[in-house]
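To start, the structure itself, in structure tokens.
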2 protein chains.
Amino acid sequence: MRRVSLFAGLVSAAIVATVSLHALAQAKPENLIKQRKSAMALIGWYFGPLGAQVKGEAPWNQETWARNTAYIEVLSKMPIEGFQPGTDKGDTKAKPAVFSEPAKFKSAMEKMQTEVAKLAQVAKGADQAAMKAQFGETGKACKACHDDFREKD
Amino acid sequence: MRRVSLFAGLVSAAIVATVSLHALAQAKPENLIKQRKSAMALIGWYFGPLGAQVKGEAPWNQETWARNTAYIEVLSKMPIEGFQPGTDKGDTKAKPAVFSEPAKFKSAMEKMQTEVAKLAQVAKGADQAAMKAQFGETGKACKACHDDFREKD
């Protein structure tokens, strides 16, 4: 029974993965690029005001921390699906390494997702020092991935 | 005591609103337009596969319903903040009515948010008919707002 359930689960997961990959494979490269750039733009949009508060350029606003980090946690899950094979050319700053080293790229994306999730968690509390520290860790994960996988502006 | 708390709450809310508006007022119009267009592009991106399933063009995939509607519920909160005064010109299809009838526009946006939240709620269950029906209601809210406030492509 357990083996049957496990088998059914694997088949189910395989079907889901196949359907998802099929749908993404059908998407036009320019739309996939637009998808990931939109997600990245919004991550930057909601990250920016937090950086200003960390640097003391804007007054601390706990509601902004709670809201923006919750938004970023969801947004952080989106960009990876836009980096499908065949989207290395076009209106993109993605380096060839995204596509030649996909495991390393996926790992860097997951590191960012992990740090963002931690940031959203501490931002539910009131410990500003913890928020600032985790903001720094998150920024490092963003920068590490940009350094390796994104052309400079 | 209760009146003091209420007063403190109102002052707090006013400060939050002031800080947020101040930050948005400082944002460049082109960045505000990019913010709202990015959010709308992602809403469309995650709405699309659901429409294909409703129309029977793609196999039903409950995981896609749960994931995409949860994403869209968060994304639905984002576009409104990009429609600040002074963002009526530039790379935008926003009609002048967005800025000349802000109360009507806000109401149309909130209608969309309400329908999307209902969609995310039913998508947590297993009632495909309910999902299809609420998908239709959500689509109507999108279309109504686009008809009144967005130039045709």
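Identifiers for the structure tokens are assigned positionally: chains receive A, B, ... in sequence, residues are indexed from 1 per chain, and ligands are indexed from 1 in the order shown.
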
Wanna dump the chain B-chain A contacts at 10 Å for me, each residue with its shortest atom pair and the distance in Å to one decimal, counting only C-alpha atoms, ordered by chain and number, as a Markdown table?
```
| residue | atom | partner | partner_atom | distance |
| --- | --- | --- | --- | --- |
| B:Ala13 | CA | A:Glu63 | CA | 9.8 |
| B:Ile15 | CA | A:Asn61 | CA | 9.2 |
| B:Val16 | CA | A:Asn61 | CA | 7.2 |
| B:Val19 | CA | A:Pro59 | CA | 8.1 |
| B:Ser20 | CA | A:Thr64 | CA | 8.2 |
| B:Ala23 | CA | A:Pro49 | CA | 7.9 |
| B:Leu24 | CA | A:Pro49 | CA | 9.9 |
| B:Asn31 | CA | A:Trp45 | CA | 8.7 |
| B:Leu32 | CA | A:Trp45 | CA | 9.2 |
| B:Lys34 | CA | A:Ala41 | CA | 7.9 |
| B:Gln35 | CA | A:Leu42 | CA | 6.3 |
| B:Arg36 | CA | A:Leu42 | CA | 8.9 |
| B:Lys37 | CA | A:Ser38 | CA | 8.0 |
| B:Ser38 | CA | A:Ser38 | CA | 4.4 |
| B:Ala39 | CA | A:Ser38 | CA | 7.0 |
| B:Met40 | CA | A:Ser38 | CA | 9.1 |
| B:Ala41 | CA | A:Ser38 | CA | 7.1 |
| B:Leu42 | CA | A:Gln35 | CA | 6.4 |
| B:Ile43 | CA | A:Gln35 | CA | 10.0 |
| B:Gly44 | CA | A:Gln35 | CA | 9.7 |
| B:Trp45 | CA | A:Gln35 | CA | 7.2 |
| B:Tyr46 | CA | A:Gln35 | CA | 9.7 |
| B:Pro49 | CA | A:Ala23 | CA | 7.9 |
| B:Ala58 | CA | A:Val19 | CA | 8.6 |
| B:Pro59 | CA | A:Val19 | CA | 8.0 |
| B:Trp60 | CA | A:Val19 | CA | 9.6 |
| B:Asn61 | CA | A:Val16 | CA | 7.1 |
| B:Gln62 | CA | A:Val16 | CA | 9.1 |
| B:Glu63 | CA | A:Val16 | CA | 7.7 |
| B:Thr64 | CA | A:Ser20 | CA | 8.3 |
| B:Ala70 | CA | A:Val74 | CA | 8.9 |
| B:Tyr71 | CA | A:Val74 | CA | 6.8 |
| B:Ile72 | CA | A:Val74 | CA | 9.9 |
| B:Val74 | CA | A:Tyr71 | CA | 6.8 |
| B:Leu75 | CA | A:Tyr71 | CA | 8.0 |
| B:Lys77 | CA | A:Tyr71 | CA | 9.4 |
| B:Met78 | CA | A:Tyr71 | CA | 8.9 |
```

**Request:** Assign secondary structure with DSSP using the backbone only, and return the residues of segment 85-121 of chain B in helix (DSSP H, G or I) as a ChimeraX atom specification.
**Result:** /B:97-100,102-121

Those same residues - C-alpha atoms - I'd like them written as an mmCIF file, in the first residue's frame.
```
data_model
loop_
_atom_site.group_PDB
_atom_site.id
_atom_site.type_symbol
_atom_site.label_atom_id
_atom_site.label_comp_id
_atom_site.auth_asym_id
_atom_site.auth_seq_id
_atom_site.Cartn_x
_atom_site.Cartn_y
_atom_site.Cartn_z
ATOM 1 C CA ALA B 97 -9.564 58.715 -16.271
ATOM 2 C CA VAL B 98 -7.156 56.972 -13.856
ATOM 3 C CA PHE B 99 -6.062 60.397 -12.676
ATOM 4 C CA SER B 100 -9.260 62.399 -13.252
ATOM 5 C CA PRO B 102 -9.211 58.422 -8.798
ATOM 6 C CA ALA B 103 -12.053 57.282 -6.511
ATOM 7 C CA LYS B 104 -13.669 55.283 -9.315
ATOM 8 C CA PHE B 105 -10.291 53.831 -10.279
ATOM 9 C CA LYS B 106 -9.497 52.855 -6.683
ATOM 10 C CA SER B 107 -12.896 51.211 -6.391
ATOM 11 C CA ALA B 108 -12.308 49.194 -9.584
ATOM 12 C CA MET B 109 -8.900 48.097 -8.309
ATOM 13 C CA GLU B 110 -10.381 47.049 -4.981
ATOM 14 C CA LYS B 111 -13.090 45.070 -6.781
ATOM 15 C CA MET B 112 -10.339 43.172 -8.605
ATOM 16 C CA GLN B 113 -8.488 42.541 -5.319
ATOM 17 C CA THR B 114 -11.694 41.234 -3.727
ATOM 18 C CA GLU B 115 -12.431 38.832 -6.579
ATOM 19 C CA VAL B 116 -8.814 37.625 -6.666
ATOM 20 C CA ALA B 117 -8.883 36.955 -2.915
ATOM 21 C CA LYS B 118 -12.056 34.890 -3.380
ATOM 22 C CA LEU B 119 -10.379 32.999 -6.230
ATOM 23 C CA ALA B 120 -7.348 32.187 -4.080
ATOM 24 C CA GLN B 121 -9.701 30.981 -1.372
#
```

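When atom CA of Ile33 of chain B is paired with atom CA of Glu81 of chain B, their separation reads 9.7 Å.
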
**Asked** How far is it from atom CA of Lys55 of chain A to atom CA of Ser76 of chain A, in Å with one decimal?
**Response** 22.9 Å

**Request:** Rank B:Gln53, B:Phe135, B:Glu30, B:Phe47 by their smallest atom-to-atom distance to Lys89 of chain B, using only C-alpha atoms, and report the top residue only.
**Result:**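 Of all the options, B:Glu30 lies closest to Lys89 of chain B.
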